[in-house]
Amino acid sequence: LTTSLLIPNLAEAKTIKNKYHFIMPPKPFEYFIKEGKKKGGRILIIGGIHGNEEGSYKASDILIETELKRGTLAILPRSNPESIFTHLRGYNGDMNRKFNYISKKDNDYYKVNSIKNFIAEFKPDVILSLHDGYGFYIKNKHQWGESIVIDESKYHQIPLYQIAHKVSSELKKKGIILPINNTKTFSKYTHHKEQRKSLTFYSLQKHSVPAFCIEASKQTSLERKVKIHLHSLEQFFKIYGVEIEPSFDYILSNLQKHLKIATPKILISVDNEKKIIQSESIIKIPKGKEIKFEILNARGGGVIAKNVNVNYRSFFYSGNLEFLVKNDNVTKYNFIIKS
């Protein structure tokens, strides 16, 4: 009886002995809250819901380095890291269509519910969801690039159009044309019923918090995308009484410095041995070992296994395996683990 019970365990041990056990770096829910000395409004900025919209998370990230003189600012810069690393709109499907309902089996469940819980606890005066839309709304109403998206002109007592118009008018004085795209999401005649699953609709309907999408354009440079977001955020900050230091003007005049992409270092741990990887490498490790990865620097840093599901936090693999070291959507170098 004892022998027969041991046979499956021995077989399993033999199988595992011929494989690596990889433990990937965690992707925790990342948020930053800043408090100013002077009283002001409470703004929540959400970037990176769509992974192929780099302007959204780069602009969000820049503000993390600022100090607050007035008001309270919360930043969720990279809401969807799996999609950012793979440069896809949604690695697990469109995350901005999961705020009305999401299954617990969905790989985005933790992220979507983390955002919902954060909104409930932070209680912002306004939510600014940053995106890079396709094309240019001013040229084609079916394209959302470079526009301010609202779900309704007015929702209960929230004057969405009035606020968006103020921002758009101030931007026009600076030579930036950002028209208002009203999806009329609450109307039964809307052409955008899919927006009823979005973050902004959820924020309005569930929490009565004014929510706006700031859309840069995918068809422009990264610098242009980030400028559109920062110029727009500046106007919303003025409306809601939030002031940063250094100023938006200073950040915009030194933008290239903020857009430099760092090269992440990866710490590999095997048994009691640790090794830092920071360039293209081939690393020999005997099979049967547990291999842990850790990101040592670069806020947008990550490592993904080539041709392996990015959602996996740990997995077994029998052959040689290539890993891509990322800073957000940019692959900085790769390394191979082999026996």
# chains A, B, ... in the order shown; residues from 1 in each chain; ligands from 1

$ residues_around --residues "A:His21" --least-positions-apart "3" --cutoff "8 Å" --atoms "only C-alpha atoms" --output "number ranges by chain"
A: 288-291, 314-317

$ write_last_selection --atoms "C-alpha atoms" --output "PDB file, in the first residue's frame"
ATOM      1  CA  GLY A 288      15.027  21.056 -11.747  1.00  0.00           C
ATOM      2  CA  LYS A 289      15.836  24.437 -10.229  1.00  0.00           C
ATOM      3  CA  GLU A 290      13.433  27.109  -9.023  1.00  0.00           C
ATOM      4  CA  ILE A 291      14.320  30.443 -10.623  1.00  0.00           C
ATOM      5  CA  SER A 314       4.890  30.866 -12.116  1.00  0.00           C
ATOM      6  CA  PHE A 315       5.253  27.980 -14.546  1.00  0.00           C
ATOM      7  CA  PHE A 316       7.323  24.889 -15.381  1.00  0.00           C
ATOM      8  CA  TYR A 317       9.288  24.647 -18.625  1.00  0.00           C
TER       9      TYR A 317
END

$ select_by_dssp --residues "stretch 15-217 of chain A" --states "strand (DSSP E)" --output "ChimeraX atom specification"
/A:20-23,32-35,38-46,67-76,126-133,147-150,180-182,211-217

$ write_last_selection --atoms "C-alpha atoms" --output "compact mmCIF listing (two decimals), in the first residue's frame"
# COMPACT_ATOMS: atom_id res chain seq x y z
CA TYR A 20 12.71 24.62 -14.65
CA HIS A 21 10.29 26.26 -12.25
CA PHE A 22 10.12 29.97 -13.10
CA ILE A 23 8.64 32.49 -10.65
CA PHE A 32 0.63 57.05 -5.86
CA ILE A 33 -1.11 59.64 -3.66
CA LYS A 34 0.24 63.16 -3.19
CA GLU A 35 -1.01 65.72 -0.68
CA LYS A 38 -2.82 73.99 0.72
CA LYS A 39 -6.40 72.77 0.48
CA GLY A 40 -7.76 72.02 -2.98
CA GLY A 41 -9.62 69.44 -4.99
CA ARG A 42 -9.09 65.69 -5.27
CA ILE A 43 -8.08 64.43 -8.72
CA LEU A 44 -7.63 60.81 -9.79
CA ILE A 45 -5.60 60.12 -12.96
CA ILE A 46 -5.79 56.67 -14.54
CA GLU A 67 5.33 67.60 -5.60
CA LEU A 68 1.92 68.98 -4.75
CA LYS A 69 1.52 72.57 -3.60
CA ARG A 70 -2.26 72.44 -3.45
CA GLY A 71 -4.96 69.78 -3.38
CA THR A 72 -4.72 65.99 -3.48
CA LEU A 73 -3.63 63.92 -6.46
CA ALA A 74 -3.85 60.15 -6.96
CA ILE A 75 -2.19 58.47 -9.95
CA LEU A 76 -2.72 54.93 -11.26
CA VAL A 126 -12.98 64.14 -10.78
CA ILE A 127 -11.53 61.16 -12.67
CA LEU A 128 -9.33 61.72 -15.71
CA SER A 129 -8.87 58.58 -17.80
CA LEU A 130 -5.99 58.99 -20.26
CA HIS A 131 -6.04 57.34 -23.69
CA ASP A 132 -4.52 57.54 -27.17
CA GLY A 133 -7.35 57.24 -29.70
CA SER A 147 -10.63 64.93 -28.18
CA ILE A 148 -12.23 65.16 -24.76
CA VAL A 149 -14.79 62.38 -24.40
CA ILE A 150 -17.83 62.81 -22.16
CA ILE A 180 -15.61 67.58 -27.25
CA ASN A 181 -16.84 64.12 -28.19
CA ASN A 182 -20.18 63.53 -26.45
CA ALA A 211 -15.21 61.46 -15.36
CA PHE A 212 -13.53 62.47 -18.61
CA CYS A 213 -11.44 60.67 -21.20
CA ILE A 214 -8.54 62.72 -22.53
CA GLU A 215 -7.65 61.30 -25.92
CA ALA A 216 -4.33 61.99 -27.62
CA SER A 217 -3.83 60.49 -31.10

$ select_by_dssp --residues "stretch 29-184 of chain A" --states "alpha helix (DSSP H)" --output "VMD selection string"
chain A and resid 54 to 64 81 to 86 109 to 122 160 to 173

$ write_last_selection --atoms "N, CA and C atoms" --output "tab-separated table (two decimals), in the first residue's frame"
chain	number	residue	atom	x	y	z
A	54	GLU	N	0.71	54.42	-25.26
A	54	GLU	CA	1.84	54.78	-24.40
A	54	GLU	C	1.80	56.22	-23.90
A	55	GLY	N	1.14	57.11	-24.63
A	55	GLY	CA	1.03	58.49	-24.16
A	55	GLY	C	0.33	58.58	-22.83
A	56	SER	N	-0.63	57.68	-22.59
A	56	SER	CA	-1.43	57.72	-21.37
A	56	SER	C	-0.61	57.38	-20.14
A	57	TYR	N	0.20	56.31	-20.22
A	57	TYR	CA	0.96	55.95	-19.02
A	57	TYR	C	2.25	56.74	-18.89
A	58	LYS	N	2.80	57.25	-19.99
A	58	LYS	CA	4.00	58.10	-19.88
A	58	LYS	C	3.66	59.44	-19.24
A	59	ALA	N	2.53	60.03	-19.64
A	59	ALA	CA	2.10	61.30	-19.04
A	59	ALA	C	1.79	61.11	-17.56
A	60	SER	N	1.10	60.01	-17.23
A	60	SER	CA	0.79	59.72	-15.83
A	60	SER	C	2.07	59.57	-15.02
A	61	ASP	N	3.03	58.87	-15.59
A	61	ASP	CA	4.28	58.57	-14.89
A	61	ASP	C	5.07	59.84	-14.57
A	62	ILE	N	5.07	60.78	-15.49
A	62	ILE	CA	5.82	62.03	-15.28
A	62	ILE	C	5.33	62.76	-14.04
A	63	LEU	N	4.03	62.73	-13.81
A	63	LEU	CA	3.46	63.46	-12.66
A	63	LEU	C	3.82	62.83	-11.32
A	64	ILE	N	4.26	61.57	-11.35
A	64	ILE	CA	4.66	60.92	-10.10
A	64	ILE	C	5.88	61.61	-9.50
A	81	PRO	N	-0.61	46.23	-16.83
A	81	PRO	CA	0.78	45.98	-17.20
A	81	PRO	C	0.98	44.87	-18.24
A	82	GLU	N	0.16	43.81	-18.19
A	82	GLU	CA	0.31	42.74	-19.18
A	82	GLU	C	0.12	43.27	-20.60
A	83	SER	N	-0.85	44.16	-20.76
A	83	SER	CA	-1.12	44.74	-22.08
A	83	SER	C	-0.04	45.74	-22.48
A	84	ILE	N	0.53	46.45	-21.49
A	84	ILE	CA	1.61	47.39	-21.79
A	84	ILE	C	2.85	46.65	-22.25
A	85	PHE	N	3.23	45.59	-21.53
A	85	PHE	CA	4.43	44.83	-21.91
A	85	PHE	C	4.31	44.21	-23.30
A	86	THR	N	3.09	43.81	-23.68
A	86	THR	CA	2.88	43.17	-24.99
A	86	THR	C	2.44	44.17	-26.06
A	109	TYR	N	-9.65	40.56	-13.56
A	109	TYR	CA	-10.56	40.76	-12.41
A	109	TYR	C	-9.89	41.56	-11.30
A	110	TYR	N	-8.67	41.18	-10.93
A	110	TYR	CA	-7.97	41.86	-9.84
A	110	TYR	C	-7.75	43.32	-10.16
A	111	LYS	N	-7.36	43.62	-11.39
A	111	LYS	CA	-7.06	45.00	-11.77
A	111	LYS	C	-8.32	45.86	-11.80
A	112	VAL	N	-9.37	45.36	-12.42
A	112	VAL	CA	-10.62	46.13	-12.52
A	112	VAL	C	-11.19	46.40	-11.13
A	113	ASN	N	-11.21	45.39	-10.27
A	113	ASN	CA	-11.76	45.58	-8.93
A	113	ASN	C	-10.86	46.44	-8.05
A	114	SER	N	-9.56	46.42	-8.31
A	114	SER	CA	-8.66	47.30	-7.58
A	114	SER	C	-8.96	48.76	-7.92
A	115	ILE	N	-9.23	49.03	-9.19
A	115	ILE	CA	-9.59	50.40	-9.61
A	115	ILE	C	-10.92	50.80	-8.97
A	116	LYS	N	-11.90	49.92	-9.01
A	116	LYS	CA	-13.20	50.22	-8.41
A	116	LYS	C	-13.07	50.52	-6.91
A	117	ASN	N	-12.31	49.69	-6.22
A	117	ASN	CA	-12.13	49.89	-4.78
A	117	ASN	C	-11.38	51.19	-4.49
A	118	PHE	N	-10.42	51.51	-5.35
A	118	PHE	CA	-9.66	52.73	-5.14
A	118	PHE	C	-10.56	53.96	-5.28
A	119	ILE	N	-11.41	53.94	-6.30
A	119	ILE	CA	-12.35	55.06	-6.50
A	119	ILE	C	-13.24	55.22	-5.26
A	120	ALA	N	-13.76	54.10	-4.75
A	120	ALA	CA	-14.66	54.15	-3.60
A	120	ALA	C	-13.96	54.69	-2.35
A	121	GLU	N	-12.69	54.33	-2.18
A	121	GLU	CA	-11.97	54.75	-0.97
A	121	GLU	C	-11.37	56.15	-1.10
A	122	PHE	N	-10.89	56.50	-2.28
A	122	PHE	CA	-10.24	57.80	-2.47
A	122	PHE	C	-11.26	58.94	-2.57
A	160	LEU	N	-20.93	68.13	-17.26
A	160	LEU	CA	-19.78	67.56	-17.97
A	160	LEU	C	-19.37	68.41	-19.17
A	161	TYR	N	-20.35	68.80	-19.98
A	161	TYR	CA	-20.02	69.59	-21.17
A	161	TYR	C	-19.43	70.94	-20.78
A	162	GLN	N	-19.98	71.57	-19.78
A	162	GLN	CA	-19.50	72.89	-19.35
A	162	GLN	C	-18.02	72.81	-18.92
A	163	ILE	N	-17.68	71.77	-18.17
A	163	ILE	CA	-16.29	71.61	-17.72
A	163	ILE	C	-15.38	71.32	-18.91
A	164	ALA	N	-15.81	70.39	-19.77
A	164	ALA	CA	-14.99	70.03	-20.94
A	164	ALA	C	-14.82	71.22	-21.87
A	165	HIS	N	-15.87	72.03	-22.01
A	165	HIS	CA	-15.81	73.21	-22.87
A	165	HIS	C	-14.81	74.23	-22.33
A	166	LYS	N	-14.77	74.38	-21.03
A	166	LYS	CA	-13.80	75.29	-20.41
A	166	LYS	C	-12.38	74.84	-20.73
A	167	VAL	N	-12.12	73.55	-20.59
A	167	VAL	CA	-10.80	73.00	-20.90
A	167	VAL	C	-10.47	73.19	-22.38
A	168	SER	N	-11.41	72.84	-23.25
A	168	SER	CA	-11.20	72.95	-24.69
A	168	SER	C	-10.94	74.39	-25.11
A	169	SER	N	-11.66	75.34	-24.52
A	169	SER	CA	-11.49	76.76	-24.85
A	169	SER	C	-10.12	77.28	-24.43
A	170	GLU	N	-9.66	76.87	-23.25
A	170	GLU	CA	-8.35	77.30	-22.77
A	170	GLU	C	-7.24	76.70	-23.61
A	171	LEU	N	-7.42	75.47	-24.05
A	171	LEU	CA	-6.42	74.83	-24.91
A	171	LEU	C	-6.34	75.53	-26.27
A	172	LYS	N	-7.49	75.95	-26.76
A	172	LYS	CA	-7.53	76.63	-28.06
A	172	LYS	C	-6.69	77.91	-28.04
A	173	LYS	N	-6.66	78.59	-26.89
A	173	LYS	CA	-5.84	79.80	-26.75
A	173	LYS	C	-4.35	79.49	-26.91

$ residues_around --residues "stretch 264-267 of chain A" --least-positions-apart "6" --cutoff "7 Å" --atoms "only C-alpha atoms" --output "VMD selection string"
chain A and resid 274 to 278 293 to 298 301 327

$ write_last_selection --atoms "C-alpha atoms" --output "PDB file, in the first residue's frame"
ATOM      1  CA  LYS A 274      21.900  35.670  -6.912  1.00  0.00           C
ATOM      2  CA  LYS A 275      22.939  37.188 -10.222  1.00  0.00           C
ATOM      3  CA  ILE A 276      22.186  40.599 -11.740  1.00  0.00           C
ATOM      4  CA  ILE A 277      21.413  40.703 -15.455  1.00  0.00           C
ATOM      5  CA  GLN A 278      21.545  44.038 -17.268  1.00  0.00           C
ATOM      6  CA  PHE A 293      13.097  37.078 -11.037  1.00  0.00           C
ATOM      7  CA  GLU A 294      13.027  40.532  -9.471  1.00  0.00           C
ATOM      8  CA  ILE A 295      13.069  43.996 -11.093  1.00  0.00           C
ATOM      9  CA  LEU A 296      15.714  46.185  -9.453  1.00  0.00           C
ATOM     10  CA  ASN A 297      15.064  49.536 -11.125  1.00  0.00           C
ATOM     11  CA  ALA A 298      12.882  51.301 -13.713  1.00  0.00           C
ATOM     12  CA  GLY A 301      10.389  47.596 -15.876  1.00  0.00           C
ATOM     13  CA  ASN A 327      10.628  49.029 -20.027  1.00  0.00           C
TER      14      ASN A 327
END

$ atom_distance --atom1 "atom CA of A:Asp271" --atom2 "atom CA of A:Lys332"
26.9 Å

$ residues_around --residues "A:Ile251" --least-positions-apart "6" --cutoff "10 Å" --atoms "only C-alpha atoms" --output "PyMOL selection string"
chain A and resi 62-63+66+227+230+245+257-258

$ write_last_selection --atoms "all heavy atoms" --output "mmCIF file, in the first residue's frame"
data_model
loop_
_atom_site.group_PDB
_atom_site.id
_atom_site.type_symbol
_atom_site.label_atom_id
_atom_site.label_comp_id
_atom_site.auth_asym_id
_atom_site.auth_seq_id
_atom_site.Cartn_x
_atom_site.Cartn_y
_atom_site.Cartn_z
ATOM 1 N N ILE A 62 5.075 60.785 -15.489
ATOM 2 C CA ILE A 62 5.816 62.034 -15.281
ATOM 3 C C ILE A 62 5.331 62.758 -14.036
ATOM 4 O O ILE A 62 6.123 63.310 -13.265
ATOM 5 C CB ILE A 62 5.696 62.936 -16.527
ATOM 6 C CG1 ILE A 62 6.531 62.359 -17.678
ATOM 7 C CG2 ILE A 62 6.130 64.369 -16.231
ATOM 8 C CD1 ILE A 62 6.310 63.037 -19.021
ATOM 9 N N LEU A 63 4.028 62.729 -13.808
ATOM 10 C CA LEU A 63 3.456 63.459 -12.661
ATOM 11 C C LEU A 63 3.821 62.829 -11.322
ATOM 12 O O LEU A 63 3.726 63.476 -10.278
ATOM 13 C CB LEU A 63 1.937 63.544 -12.809
ATOM 14 C CG LEU A 63 1.448 64.408 -13.982
ATOM 15 C CD1 LEU A 63 -0.063 64.387 -14.054
ATOM 16 C CD2 LEU A 63 1.946 65.835 -13.861
ATOM 17 N N THR A 66 6.483 64.766 -9.445
ATOM 18 C CA THR A 66 6.200 66.134 -9.004
ATOM 19 C C THR A 66 5.803 66.169 -7.530
ATOM 20 O O THR A 66 5.458 65.143 -6.932
ATOM 21 C CB THR A 66 5.067 66.759 -9.831
ATOM 22 O OG1 THR A 66 3.849 66.033 -9.605
ATOM 23 C CG2 THR A 66 5.392 66.731 -11.318
ATOM 24 N N LYS A 227 2.394 65.628 -24.651
ATOM 25 C CA LYS A 227 2.085 67.062 -24.578
ATOM 26 C C LYS A 227 0.578 67.301 -24.525
ATOM 27 O O LYS A 227 0.099 68.139 -23.747
ATOM 28 C CB LYS A 227 2.697 67.796 -25.773
ATOM 29 C CG LYS A 227 4.183 68.074 -25.634
ATOM 30 C CD LYS A 227 4.705 68.869 -26.818
ATOM 31 C CE LYS A 227 6.174 69.239 -26.624
ATOM 32 N NZ LYS A 227 6.703 70.007 -27.781
ATOM 33 N N LEU A 230 -0.594 66.394 -21.016
ATOM 34 C CA LEU A 230 -0.148 67.326 -19.980
ATOM 35 C C LEU A 230 -0.834 68.688 -20.101
ATOM 36 O O LEU A 230 -1.239 69.277 -19.085
ATOM 37 C CB LEU A 230 1.368 67.484 -20.031
ATOM 38 C CG LEU A 230 2.181 66.237 -19.643
ATOM 39 C CD1 LEU A 230 3.666 66.514 -19.786
ATOM 40 C CD2 LEU A 230 1.858 65.784 -18.222
ATOM 41 N N GLU A 245 4.364 71.102 -8.453
ATOM 42 C CA GLU A 245 5.667 71.741 -8.533
ATOM 43 C C GLU A 245 6.701 70.687 -8.898
ATOM 44 O O GLU A 245 6.758 69.646 -8.232
ATOM 45 C CB GLU A 245 6.017 72.392 -7.191
ATOM 46 C CG GLU A 245 7.244 73.272 -7.236
ATOM 47 C CD GLU A 245 7.472 73.980 -5.912
ATOM 48 O OE1 GLU A 245 7.276 73.306 -4.865
ATOM 49 O OE2 GLU A 245 7.823 75.159 -5.910
ATOM 50 N N LYS A 257 13.799 65.020 -21.345
ATOM 51 C CA LYS A 257 14.452 64.432 -20.169
ATOM 52 C C LYS A 257 13.527 63.432 -19.479
ATOM 53 O O LYS A 257 13.965 62.378 -19.015
ATOM 54 C CB LYS A 257 14.841 65.554 -19.194
ATOM 55 C CG LYS A 257 15.524 65.070 -17.922
ATOM 56 C CD LYS A 257 15.823 66.222 -16.980
ATOM 57 C CE LYS A 257 14.562 66.771 -16.346
ATOM 58 N NZ LYS A 257 14.841 67.807 -15.325
ATOM 59 N N HIS A 258 12.240 63.756 -19.456
ATOM 60 C CA HIS A 258 11.277 62.885 -18.784
ATOM 61 C C HIS A 258 10.921 61.651 -19.612
ATOM 62 O O HIS A 258 10.410 60.675 -19.071
ATOM 63 C CB HIS A 258 10.000 63.658 -18.472
ATOM 64 C CG HIS A 258 10.194 64.761 -17.479
ATOM 65 N ND1 HIS A 258 10.402 64.527 -16.132
ATOM 66 C CD2 HIS A 258 10.224 66.111 -17.625
ATOM 67 C CE1 HIS A 258 10.544 65.677 -15.496
ATOM 68 N NE2 HIS A 258 10.434 66.647 -16.370
#

$ atom_distance --atom1 "atom CA of A:Thr185" --atom2 "atom CA of A:Phe201"
7.6 Å

$ residues_around --residues "A:Leu252" --least-positions-apart "2" --cutoff "10 Å" --atoms "only C-alpha atoms" --output "PyMOL selection string"
chain A and resi 223+226-227+230-231+247-250+254-258

$ atom_distance --atom1 "atom CA of A:Ala262" --atom2 "atom CA of A:Gly90"
24.3 Å

$ decode --residues "stretch 244-256 of chain A" --atoms "N, CA, C and O atoms" --output "JSON list (two decimals), in the first residue's frame"
[["chain", "number", "residue", "atom", "x", "y", "z"],
["A", 244, "ILE", "N", 0.80, 71.68, -8.99],
["A", 244, "ILE", "CA", 2.00, 70.86, -8.85],
["A", 244, "ILE", "C", 3.26, 71.72, -8.91],
["A", 244, "ILE", "O", 3.24, 72.86, -9.36],
["A", 245, "GLU", "N", 4.36, 71.10, -8.45],
["A", 245, "GLU", "CA", 5.67, 71.74, -8.53],
["A", 245, "GLU", "C", 6.70, 70.69, -8.90],
["A", 245, "GLU", "O", 6.76, 69.65, -8.23],
["A", 246, "PRO", "N", 7.53, 70.84, -9.94],
["A", 246, "PRO", "CA", 7.57, 72.01, -10.81],
["A", 246, "PRO", "C", 6.29, 72.14, -11.64],
["A", 246, "PRO", "O", 5.49, 71.21, -11.70],
["A", 247, "SER", "N", 6.13, 73.28, -12.27],
["A", 247, "SER", "CA", 4.91, 73.60, -13.00],
["A", 247, "SER", "C", 4.81, 72.79, -14.29],
["A", 247, "SER", "O", 5.79, 72.21, -14.77],
["A", 248, "PHE", "N", 3.61, 72.75, -14.86],
["A", 248, "PHE", "CA", 3.41, 72.12, -16.16],
["A", 248, "PHE", "C", 4.31, 72.75, -17.22],
["A", 248, "PHE", "O", 4.86, 72.05, -18.07],
["A", 249, "ASP", "N", 4.46, 74.07, -17.17],
["A", 249, "ASP", "CA", 5.31, 74.76, -18.15],
["A", 249, "ASP", "C", 6.74, 74.24, -18.08],
["A", 249, "ASP", "O", 7.38, 74.00, -19.11],
["A", 250, "TYR", "N", 7.24, 74.07, -16.86],
["A", 250, "TYR", "CA", 8.62, 73.57, -16.69],
["A", 250, "TYR", "C", 8.75, 72.14, -17.22],
["A", 250, "TYR", "O", 9.70, 71.81, -17.94],
["A", 251, "ILE", "N", 7.78, 71.30, -16.89],
["A", 251, "ILE", "CA", 7.82, 69.91, -17.36],
["A", 251, "ILE", "C", 7.78, 69.85, -18.88],
["A", 251, "ILE", "O", 8.55, 69.11, -19.51],
["A", 252, "LEU", "N", 6.89, 70.63, -19.48],
["A", 252, "LEU", "CA", 6.75, 70.62, -20.94],
["A", 252, "LEU", "C", 7.99, 71.14, -21.65],
["A", 252, "LEU", "O", 8.34, 70.67, -22.73],
["A", 253, "SER", "N", 8.69, 72.08, -21.03],
["A", 253, "SER", "CA", 9.90, 72.62, -21.65],
["A", 253, "SER", "C", 11.09, 71.69, -21.47],
["A", 253, "SER", "O", 12.13, 71.88, -22.11],
["A", 254, "ASN", "N", 10.96, 70.70, -20.60],
["A", 254, "ASN", "CA", 12.04, 69.73, -20.37],
["A", 254, "ASN", "C", 11.55, 68.30, -20.63],
["A", 254, "ASN", "O", 12.01, 67.35, -19.99],
["A", 255, "LEU", "N", 10.65, 68.17, -21.59],
["A", 255, "LEU", "CA", 9.96, 66.90, -21.78],
["A", 255, "LEU", "C", 10.88, 65.75, -22.19],
["A", 255, "LEU", "O", 10.71, 64.62, -21.75],
["A", 256, "GLN", "N", 11.86, 66.03, -23.04],
["A", 256, "GLN", "CA", 12.73, 64.96, -23.52],
["A", 256, "GLN", "C", 13.44, 64.25, -22.36],
["A", 256, "GLN", "O", 13.65, 63.04, -22.40]]
